[in-house]
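Okay, protein-v7.txt is below, compact mmCIF, C-alpha atoms (C1' of nucleotides):
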```txt
# COMPACT_ATOMS: atom_id res chain seq x y z
CA MET A 1277 -4.27 6.09 48.50
CA ILE A 1278 -3.50 2.53 47.46
CA VAL A 1279 -0.44 2.31 45.19
CA ARG A 1280 0.24 -0.84 43.21
CA PHE A 1281 3.59 -1.54 41.58
CA GLY A 1282 4.34 -3.43 38.41
CA PHE A 1283 7.16 -4.03 35.95
CA VAL A 1284 7.88 -4.39 32.27
CA ALA A 1285 8.06 -7.48 30.09
CA MET A 1286 10.93 -9.66 31.32
CA SER A 1287 11.98 -11.18 34.61
CA MET A 1288 15.47 -11.11 36.07
CA MET A 1289 14.50 -13.86 38.51
CA LEU A 1290 13.25 -16.60 36.19
CA ASP A 1291 15.71 -18.56 34.07
CA ASN A 1292 15.04 -19.37 30.43
CA ALA A 1293 11.91 -17.28 30.35
CA SER A 1294 12.50 -14.86 27.48
CA VAL A 1295 9.27 -13.32 26.22
CA SER A 1296 10.99 -11.65 23.26
CA ARG A 1297 12.76 -14.48 21.49
CA THR A 1298 12.95 -13.64 17.83
CA MET A 1299 14.34 -14.52 14.43
CA THR A 1300 15.94 -11.91 12.20
CA TYR A 1301 14.41 -11.39 8.78
CA ARG A 1302 17.80 -12.08 7.23
CA ASN A 1303 17.76 -15.50 8.83
CA PHE A 1304 14.11 -16.15 8.00
CA SER A 1305 14.66 -15.35 4.33
CA ARG A 1306 17.62 -17.74 4.16
CA LEU A 1307 15.37 -20.71 4.87
CA ALA A 1308 14.36 -22.44 1.64
CA ASP A 1309 11.02 -23.84 2.84
CA ARG A 1310 8.89 -20.77 3.57
CA GLY A 1311 6.09 -22.82 5.15
CA ALA A 1312 8.54 -24.39 7.57
CA ALA A 1313 10.10 -21.00 8.26
CA VAL A 1314 6.69 -19.54 9.13
CA ARG A 1315 5.94 -22.48 11.41
CA LYS A 1316 9.25 -21.81 13.14
CA LEU A 1317 8.18 -18.21 13.77
CA GLU A 1318 4.93 -19.50 15.20
CA ARG A 1319 6.75 -21.91 17.50
CA ILE A 1320 8.92 -19.06 18.77
CA ALA A 1321 5.81 -16.94 19.38
CA GLU A 1322 4.14 -19.79 21.23
CA GLU A 1323 7.20 -20.12 23.45
CA ASN A 1324 7.14 -16.37 24.15
CA LEU A 1325 3.49 -16.67 25.15
CA GLN A 1326 4.16 -19.67 27.40
CA HIS A 1327 6.94 -17.69 29.07
CA THR A 1328 4.56 -14.74 29.43
CA LEU A 1329 2.15 -17.03 31.28
CA ARG A 1330 5.00 -18.18 33.54
CA LEU A 1331 5.74 -14.53 34.27
CA LEU A 1332 2.11 -13.84 35.13
CA ARG A 1333 2.17 -16.75 37.59
CA HIS A 1334 5.37 -15.31 39.05
CA CYS A 1335 3.58 -11.94 39.36
CA ALA A 1336 0.57 -13.49 41.06
CA ALA A 1337 2.83 -15.32 43.51
CA HIS A 1338 4.27 -11.96 44.57
CA ASP A 1339 1.08 -9.87 44.59
CA ILE A 1340 2.10 -8.05 41.39
CA ARG A 1341 -0.98 -7.03 39.42
CA ILE A 1342 0.53 -4.51 37.02
CA TYR A 1343 2.43 -5.87 34.04
CA ARG A 1344 3.39 -4.78 30.55
CA PHE A 1345 3.66 -7.39 27.82
CA SER A 1346 6.62 -7.54 25.49
CA SER A 1347 5.89 -6.01 22.08
CA LYS A 1348 8.02 -8.71 20.52
CA LEU A 1349 5.80 -11.70 21.34
CA ILE A 1350 5.44 -12.60 17.65
CA PRO A 1351 8.68 -12.24 15.69
CA LEU A 1352 8.43 -10.33 12.39
CA ALA A 1353 4.68 -9.94 12.95
CA THR A 1354 4.39 -6.65 11.07
CA HIS A 1355 7.23 -7.13 8.61
CA GLY A 1356 6.26 -6.07 5.09
CA GLU A 1357 7.44 -9.30 3.50
CA LEU A 1358 5.20 -11.32 5.80
CA ALA A 1359 2.00 -9.35 5.23
CA ASP A 1360 0.22 -12.49 3.96
CA TRP A 1361 0.96 -14.37 7.17
CA ASN A 1362 -1.72 -14.52 9.85
CA PRO A 1363 -0.09 -15.96 12.96
CA PHE A 1364 -3.18 -15.73 15.14
CA PRO A 1365 -4.98 -19.02 14.29
CA ALA A 1366 -1.96 -21.07 15.35
CA LEU A 1367 -1.53 -19.03 18.53
CA GLN A 1368 -5.15 -18.71 19.60
CA GLU A 1369 -4.89 -21.11 22.53
CA ALA A 1370 -1.64 -19.64 23.79
CA PHE A 1371 -3.04 -16.11 23.66
CA ALA A 1372 -6.26 -17.20 25.35
CA ALA A 1373 -4.33 -18.90 28.15
CA VAL A 1374 -2.43 -15.67 28.87
CA GLY A 1375 -5.58 -13.54 28.74
CA ASP A 1376 -7.63 -15.95 30.87
CA TYR A 1377 -4.97 -15.98 33.55
CA ALA A 1378 -4.57 -12.17 33.55
CA ARG A 1379 -8.33 -11.80 33.86
CA ARG A 1380 -8.67 -14.39 36.62
CA GLN A 1381 -5.91 -12.68 38.59
CA GLU A 1382 -7.47 -9.26 37.88
CA MET A 1383 -4.21 -7.95 36.53
CA ARG A 1384 -3.83 -4.62 34.81
CA VAL A 1385 -1.89 -5.37 31.65
CA SER A 1386 -0.73 -3.22 28.76
CA PHE A 1387 1.49 -2.92 25.72
CA HIS A 1388 3.93 -0.18 24.82
CA PRO A 1389 4.46 -0.22 21.04
CA ASP A 1390 7.94 1.21 20.59
CA HIS A 1391 9.18 4.28 18.83
CA PHE A 1392 8.29 3.07 15.34
CA CYS A 1393 4.65 3.80 16.12
CA VAL A 1394 4.40 7.55 15.47
CA LEU A 1395 0.89 8.78 14.76
CA ASN A 1396 2.03 12.37 14.21
CA THR A 1397 4.47 11.61 11.41
CA PRO A 1398 4.23 13.75 8.26
CA ARG A 1399 5.13 10.73 6.14
CA PRO A 1400 2.11 8.76 4.86
CA ASP A 1401 4.12 5.52 4.66
CA VAL A 1402 5.22 5.85 8.28
CA LEU A 1403 1.66 6.64 9.38
CA GLU A 1404 0.48 3.54 7.59
CA SER A 1405 3.03 1.30 9.30
CA SER A 1406 2.31 2.96 12.63
CA VAL A 1407 -1.38 2.14 12.33
CA ARG A 1408 -0.43 -1.38 11.29
CA ASP A 1409 1.73 -1.68 14.40
CA LEU A 1410 -1.13 -0.44 16.57
CA GLU A 1411 -3.50 -2.86 14.86
CA HIS A 1412 -1.09 -5.67 15.67
CA HIS A 1413 -0.98 -4.80 19.37
CA ILE A 1414 -4.77 -4.47 19.57
CA ARG A 1415 -5.22 -7.82 17.86
CA MET A 1416 -2.96 -9.44 20.44
CA LEU A 1417 -5.08 -8.00 23.25
CA GLU A 1418 -8.22 -9.18 21.47
CA ALA A 1419 -6.70 -12.63 20.99
CA MET A 1420 -6.15 -12.67 24.75
CA GLY A 1421 -9.82 -11.84 25.16
CA LEU A 1422 -8.99 -8.70 27.13
CA GLY A 1423 -11.31 -5.70 27.06
CA GLU A 1424 -10.61 -2.00 26.64
CA GLN A 1425 -8.98 -1.70 30.05
CA ALA A 1426 -5.91 -3.33 28.51
CA LYS A 1427 -4.27 -0.38 26.79
CA CYS A 1428 -1.53 0.42 24.32
CA ASN A 1429 0.62 3.24 25.59
CA ILE A 1430 2.36 5.44 23.00
CA HIS A 1431 4.11 8.78 22.71
CA VAL A 1432 2.91 11.79 20.71
CA GLY A 1433 5.93 11.48 18.38
CA GLY A 1434 8.51 13.74 16.79
CA ALA A 1435 8.64 17.54 16.51
CA TYR A 1436 9.73 17.72 12.85
CA GLY A 1437 11.01 21.25 13.36
CA ASP A 1438 7.59 22.58 14.43
CA LYS A 1439 6.28 21.00 17.61
CA GLU A 1440 3.07 23.03 17.59
CA ARG A 1441 2.21 21.76 14.13
CA ALA A 1442 3.37 18.24 15.05
CA GLY A 1443 0.93 18.22 17.97
CA GLU A 1444 -1.92 19.35 15.72
CA ARG A 1445 -1.02 16.63 13.27
CA PHE A 1446 -1.36 14.06 16.06
CA LEU A 1447 -4.93 15.22 16.63
CA GLU A 1448 -5.71 15.25 12.91
CA GLN A 1449 -4.34 11.77 12.33
CA PHE A 1450 -5.80 10.34 15.54
CA ALA A 1451 -9.31 11.69 14.83
CA PRO A 1452 -10.20 9.41 11.89
CA LEU A 1453 -9.19 6.24 13.76
CA SER A 1454 -12.06 4.01 14.86
CA ASP A 1455 -13.10 3.71 18.50
CA ARG A 1456 -11.53 0.27 18.48
CA TYR A 1457 -8.19 2.10 18.30
CA LYS A 1458 -9.08 5.23 20.23
CA ARG A 1459 -10.35 3.30 23.24
CA ARG A 1460 -7.11 1.31 23.48
CA ILE A 1461 -4.64 4.20 23.46
CA THR A 1462 -2.93 6.06 26.29
CA LEU A 1463 -0.46 8.90 25.77
CA GLU A 1464 2.79 9.34 27.67
CA ASN A 1465 5.08 12.35 27.95
CA ASP A 1466 8.55 11.66 26.52
CA ASP A 1467 12.06 12.60 27.63
CA LYS A 1468 13.01 14.80 24.68
CA THR A 1469 10.11 16.33 22.81
CA PHE A 1470 6.57 16.43 24.17
CA THR A 1471 6.55 17.54 27.81
CA ALA A 1472 3.93 16.47 30.35
CA GLU A 1473 2.00 19.70 29.86
CA GLU A 1474 2.05 19.42 26.06
CA THR A 1475 1.15 15.74 26.12
CA LEU A 1476 -1.66 16.43 28.58
CA ARG A 1477 -3.24 19.04 26.31
CA ILE A 1478 -3.15 16.61 23.39
CA ALA A 1479 -4.53 13.82 25.57
CA GLU A 1480 -7.38 16.07 26.71
CA GLN A 1481 -8.17 17.14 23.16
CA SER A 1482 -8.19 13.60 21.86
CA GLY A 1483 -10.08 12.12 24.82
CA VAL A 1484 -7.28 9.72 25.71
CA PRO A 1485 -5.95 8.97 29.23
CA MET A 1486 -2.47 10.20 29.97
CA VAL A 1487 0.33 8.21 31.59
CA LEU A 1488 2.71 10.51 33.45
CA ASP A 1489 6.33 9.39 33.37
CA ILE A 1490 7.96 11.21 36.29
CA HIS A 1491 11.50 10.42 35.11
CA HIS A 1492 10.75 11.82 31.64
CA HIS A 1493 9.24 14.83 33.33
CA ALA A 1494 12.36 15.34 35.42
CA VAL A 1495 14.52 15.54 32.28
CA ASN A 1496 12.00 17.31 30.02
CA ASP A 1497 9.81 19.43 32.25
CA GLY A 1498 9.23 22.47 30.01
CA GLY A 1499 9.79 24.70 33.04
CA VAL A 1500 7.19 22.95 35.21
CA SER A 1501 8.68 21.62 38.45
CA MET A 1502 7.74 18.22 39.78
CA GLU A 1503 5.89 19.86 42.62
CA GLN A 1504 3.94 22.05 40.18
CA ALA A 1505 3.19 19.02 38.05
CA ALA A 1506 1.79 17.26 41.11
CA SER A 1507 -0.39 20.22 42.03
CA THR A 1508 -1.52 21.65 38.69
CA LEU A 1509 -1.09 18.98 36.01
CA TRP A 1510 -2.02 15.96 38.11
CA PRO A 1511 -5.70 16.85 38.69
CA ARG A 1512 -6.12 17.22 34.94
CA ILE A 1513 -4.29 13.94 34.32
CA VAL A 1514 -6.62 12.19 36.77
CA ARG A 1515 -9.55 13.68 34.86
CA THR A 1516 -8.35 12.15 31.58
CA TRP A 1517 -8.73 8.75 33.24
CA ALA A 1518 -12.07 9.55 34.86
CA GLN A 1519 -13.56 10.97 31.67
CA HIS A 1520 -12.37 8.03 29.66
CA GLY A 1521 -14.82 6.08 31.78
CA ASP A 1522 -13.50 2.55 31.91
CA GLY A 1523 -12.87 2.59 35.64
CA LEU A 1524 -9.08 2.41 35.56
CA PRO A 1525 -7.03 4.25 38.19
CA PRO A 1526 -4.40 6.59 36.76
CA LYS A 1527 -1.00 5.13 35.98
CA ILE A 1528 2.48 6.63 36.16
CA HIS A 1529 5.88 5.38 35.09
CA ALA A 1530 8.81 5.58 37.48
CA SER A 1531 12.52 5.10 36.90
CA SER A 1532 15.75 6.70 38.07
CA PRO A 1533 18.61 8.29 36.12
CA ARG A 1534 21.56 5.98 35.50
CA SER A 1535 24.00 8.67 36.68
CA THR A 1536 24.39 12.43 36.95
CA LYS A 1537 26.26 12.38 33.64
CA ASP A 1538 23.61 10.26 31.99
CA VAL A 1539 20.31 11.42 33.44
CA ARG A 1540 18.07 10.13 30.67
CA SER A 1541 19.11 6.48 30.80
CA HIS A 1542 17.41 4.14 33.23
CA ALA A 1543 19.25 2.95 36.32
CA ASP A 1544 19.25 -0.68 37.42
CA LEU A 1545 17.13 0.06 40.47
CA LEU A 1546 14.62 2.68 41.53
CA GLU A 1547 15.59 5.48 43.88
CA PRO A 1548 12.50 5.63 46.14
CA GLY A 1549 12.92 9.28 47.22
CA PRO A 1550 11.51 11.22 44.26
CA LEU A 1551 8.71 8.69 43.72
CA LEU A 1552 7.66 8.82 47.39
CA GLN A 1553 7.69 12.59 47.27
CA PHE A 1554 5.38 12.57 44.26
CA LEU A 1555 3.12 9.98 45.89
CA ARG A 1556 2.82 12.10 49.03
CA ASP A 1557 1.97 15.14 46.89
CA VAL A 1558 -0.93 13.43 45.15
CA ALA A 1559 -2.10 11.03 47.88
CA GLY A 1560 -4.76 13.39 49.18
CA SER A 1561 -6.54 13.72 45.85
CA THR A 1562 -6.04 10.23 44.42
CA PRO A 1563 -7.62 7.11 45.92
CA ARG A 1564 -5.84 4.62 43.68
CA LEU A 1565 -2.67 4.82 41.64
CA ASP A 1566 -0.68 2.28 39.65
CA VAL A 1567 3.06 2.64 39.19
CA MET A 1568 4.93 0.93 36.39
CA LEU A 1569 8.58 0.53 37.31
CA GLU A 1570 10.91 0.94 34.36
CA ALA A 1571 14.20 -0.06 35.92
CA LYS A 1572 16.81 -2.16 34.15
CA HIS A 1573 16.51 -4.90 36.73
CA LYS A 1574 12.79 -5.21 36.07
CA ASP A 1575 11.05 -7.37 38.70
CA ALA A 1576 14.25 -7.50 40.78
CA ALA A 1577 14.05 -3.70 41.05
CA LEU A 1578 10.46 -4.01 42.23
CA PHE A 1579 11.48 -6.50 44.93
CA ALA A 1580 14.40 -4.26 45.93
CA LEU A 1581 12.03 -1.31 46.20
CA MET A 1582 9.57 -3.22 48.38
CA TYR A 1583 12.45 -4.41 50.56
CA GLU A 1584 13.61 -0.84 51.04
CA LEU A 1585 10.09 0.41 51.69
CA ARG A 1586 9.62 -2.27 54.35
CA GLN A 1587 12.78 -1.13 56.10
CA HIS A 1588 11.58 2.46 56.43
CA GLU A 1589 7.88 1.81 56.91
CA HIS A 1590 7.82 3.25 60.42
CA ALA A 1591 9.05 6.65 59.22
CA GLY A 1592 8.01 6.75 55.58
CA GLY A 1593 4.41 7.83 55.94
CA TYR A 1594 3.04 4.74 54.22
CA ARG A 1595 1.89 1.26 55.07
CA ILE A 1596 2.94 -1.95 53.31
CA VAL A 1597 -0.24 -3.63 52.09
CA ASP A 1598 1.26 -6.70 50.43
CA GLY A 1599 4.21 -7.78 48.30
CA ALA A 1600 3.63 -5.16 45.62
CA SER A 1601 1.48 -2.39 47.03
CA ILE A 1602 1.48 0.26 49.71
CA GLU A 1603 -1.00 2.68 51.22
CA LEU A 1604 -0.45 6.39 51.83
CA SER A 1605 -2.77 8.58 53.82
C1' DA B 426 30.95 -20.45 27.59
C1' DC B 427 31.66 -15.90 26.24
C1' DC B 428 32.32 -11.78 23.29
C1' DT B 429 31.11 -8.45 19.53
C1' DG B 430 28.72 -6.56 15.81
C1' DT B 431 24.07 -6.62 13.94
C1' DC B 432 19.08 -6.31 13.74
C1' DA B 433 12.76 -4.46 10.19
C1' DA B 434 10.94 -0.49 11.62
C1' DG B 435 11.93 6.40 13.13
C1' DT B 436 13.79 10.79 14.27
C1' DC B 437 17.33 14.08 15.08
C1' DT B 438 21.82 16.07 14.38
C1' DG B 439 25.72 17.21 11.97
C1' DG B 440 28.32 17.10 7.87
C1' DC C 170 21.27 13.75 1.00
C1' DC C 171 23.53 10.60 3.98
C1' DA C 172 25.92 8.60 8.11
C1' DG C 173 25.77 8.06 12.89
C1' DA C 174 23.61 8.39 17.50
C1' DC C 175 19.95 7.14 20.21
C1' DT C 176 18.17 2.60 22.75
C1' DT C 177 17.01 -2.37 23.68
C1' DG C 178 17.08 -7.43 24.11
C1' DA C 179 18.42 -10.96 21.56
C1' DC C 180 20.49 -13.10 17.47
C1' DA C 181 24.56 -14.65 14.77
C1' DG C 182 28.94 -15.70 14.11
C1' DG C 183 33.15 -15.73 15.91
C1' DT C 184 36.69 -17.47 19.32
```
Can the structure from this file be put into structure tokens for me?
Amino acid sequence: MIVRFGFVAMSMMLDNASVSRTMTYRNFSRLADRGAAVRKLERIAEENLQHTLRLLRHCAAHDIRIYRFSSKLIPLATHGELADWNPFPALQEAFAAVGDYARRQEMRVSFHPDHFCVLNTPRPDVLESSVRDLEHHIRMLEAMGLGEQAKCNIHVGGAYGDKERAGERFLEQFAPLSDRYKRRITLENDDKTFTAEETLRIAEQSGVPMVLDIHHHAVNDGGVSMEQAASTLWPRIVRTWAQHGDGLPPKIHASSPRSTKDVRSHADLLEPGPLLQFLRDVAGSTPRLDVMLEAKHKDAALFALMYELRQHEHAGGYRIVDGASIELS
DNA sequence: ACCTGTCAAGTCTGG
DNA sequence: CCAGACTTGACAGGT
């Protein structure tokens, strides 16, 4: 099994390379000349995109082919008071440059709209803004010229006092979405509400690939041990990717608890032990697997992990392939 | 240069 | 019904 590692959004190694520079609405609305204010937002977005391209070059230089874009590339993009603003014409070249580079480098890229995107909400207004948020992320991928392999990963959502019903409502509210949306979505188990098993069932029923977060599973396992997850849930998770039919290997998220007192928060670096154990458990049945590191130190945590893996290569049961991937037999 | 409270958005808990 | 916690990177306004 070939395992490729990637990281999320920002770099701890590059200076002045923020991909999430923003402007608060409060500040935007204080500017008298609205046209100038909008152009300022567009300049900030362009800078975020240029920094994203710098990051992709940094990835390529270190064999990293898995990367998640910042959701905050365009400040205030889906703010209600800016609904008449279409930032895409001004940013077309910058988006295309990012997409062209990702494609040329054959990188697997994604978005992770944050917790304001909740498709299972009972509130019509929240559903509407969630779909708008999803639309925004899809439009960014389209502006980059990236096909359906570039996904938007989301969670099922809240429980609203009746998780069973909340899961059904996800299916009901997902169903009427167009394929343009459905083909871009992946579903991830969360650390509080929808367990891996529950998320998997919903992913299967909605025909969406599932991203397994092994840290979330560790803190919200619904009585299913990690070992059980690897043996019983994993084959079904792999099937969600295979049946989706766009040729992507399955993807998991990996992070470590900040401390024993604070097990849900993400630590600076990744503890390799639990991840390696999981990888060994699934190596026999999985030819390719991508791992998104979600450590506080971002790319620095990836480099630290590879450094550690190199040190123990002789005994670890894996082989270092390059700067950001390993092979397990 | 550095520190602290705030930020557009949702959900959950506790009062 | 409402305030505060949760969580995150970055702003904004202060020193």
Only residues of chain B matter here; which ones have an atom within 7 Å of chain A, counting all atoms listed in the file? Give them as number ranges by chain.
B: 432-436
If we count all atoms listed in the file, which residues of chain A reach to within 12 Å of chain C? Please list them as a PDB file with C-alpha atoms, keeping the file's coordinate frame.
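For reference, result_10.pdb as written:
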```
ATOM      1  CA  ALA A1285       8.060  -7.480  30.090  1.00  0.00           C
ATOM      2  CA  MET A1286      10.930  -9.660  31.320  1.00  0.00           C
ATOM      3  CA  SER A1294      12.500 -14.860  27.480  1.00  0.00           C
ATOM      4  CA  VAL A1295       9.270 -13.320  26.220  1.00  0.00           C
ATOM      5  CA  SER A1296      10.990 -11.650  23.260  1.00  0.00           C
ATOM      6  CA  ARG A1297      12.760 -14.480  21.490  1.00  0.00           C
ATOM      7  CA  THR A1298      12.950 -13.640  17.830  1.00  0.00           C
ATOM      8  CA  MET A1299      14.340 -14.520  14.430  1.00  0.00           C
ATOM      9  CA  THR A1300      15.940 -11.910  12.200  1.00  0.00           C
ATOM     10  CA  TYR A1301      14.410 -11.390   8.780  1.00  0.00           C
ATOM     11  CA  ARG A1302      17.800 -12.080   7.230  1.00  0.00           C
ATOM     12  CA  ASN A1303      17.760 -15.500   8.830  1.00  0.00           C
ATOM     13  CA  PHE A1304      14.110 -16.150   8.000  1.00  0.00           C
ATOM     14  CA  SER A1346       6.620  -7.540  25.490  1.00  0.00           C
ATOM     15  CA  SER A1347       5.890  -6.010  22.080  1.00  0.00           C
ATOM     16  CA  LYS A1348       8.020  -8.710  20.520  1.00  0.00           C
ATOM     17  CA  PRO A1351       8.680 -12.240  15.690  1.00  0.00           C
ATOM     18  CA  ASP A1390       7.940   1.210  20.590  1.00  0.00           C
ATOM     19  CA  HIS A1391       9.180   4.280  18.830  1.00  0.00           C
ATOM     20  CA  LYS A1468      13.010  14.800  24.680  1.00  0.00           C
ATOM     21  CA  ARG A1540      18.070  10.130  30.670  1.00  0.00           C
ATOM     22  CA  SER A1541      19.110   6.480  30.800  1.00  0.00           C
ATOM     23  CA  HIS A1542      17.410   4.140  33.230  1.00  0.00           C
ATOM     24  CA  LYS A1572      16.810  -2.160  34.150  1.00  0.00           C
TER      25      LYS A1572
END
```
Between atom CA of A:Cys1428 and atom CA of A:Leu1509, what is the distance in Å, rounded to a tenth?
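Between atom CA of A:Cys1428 and atom CA of A:Leu1509 the gap is 21.9 Å.
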Atom CA of A:Arg1344 to atom CA of A:Tyr1457, straight-line distance in Å:
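These two atoms are separated by 18.2 Å.
Across the structure, atom CA of A:Val1374 and atom CA of A:Met1416 are spaced 10.5 Å apart.
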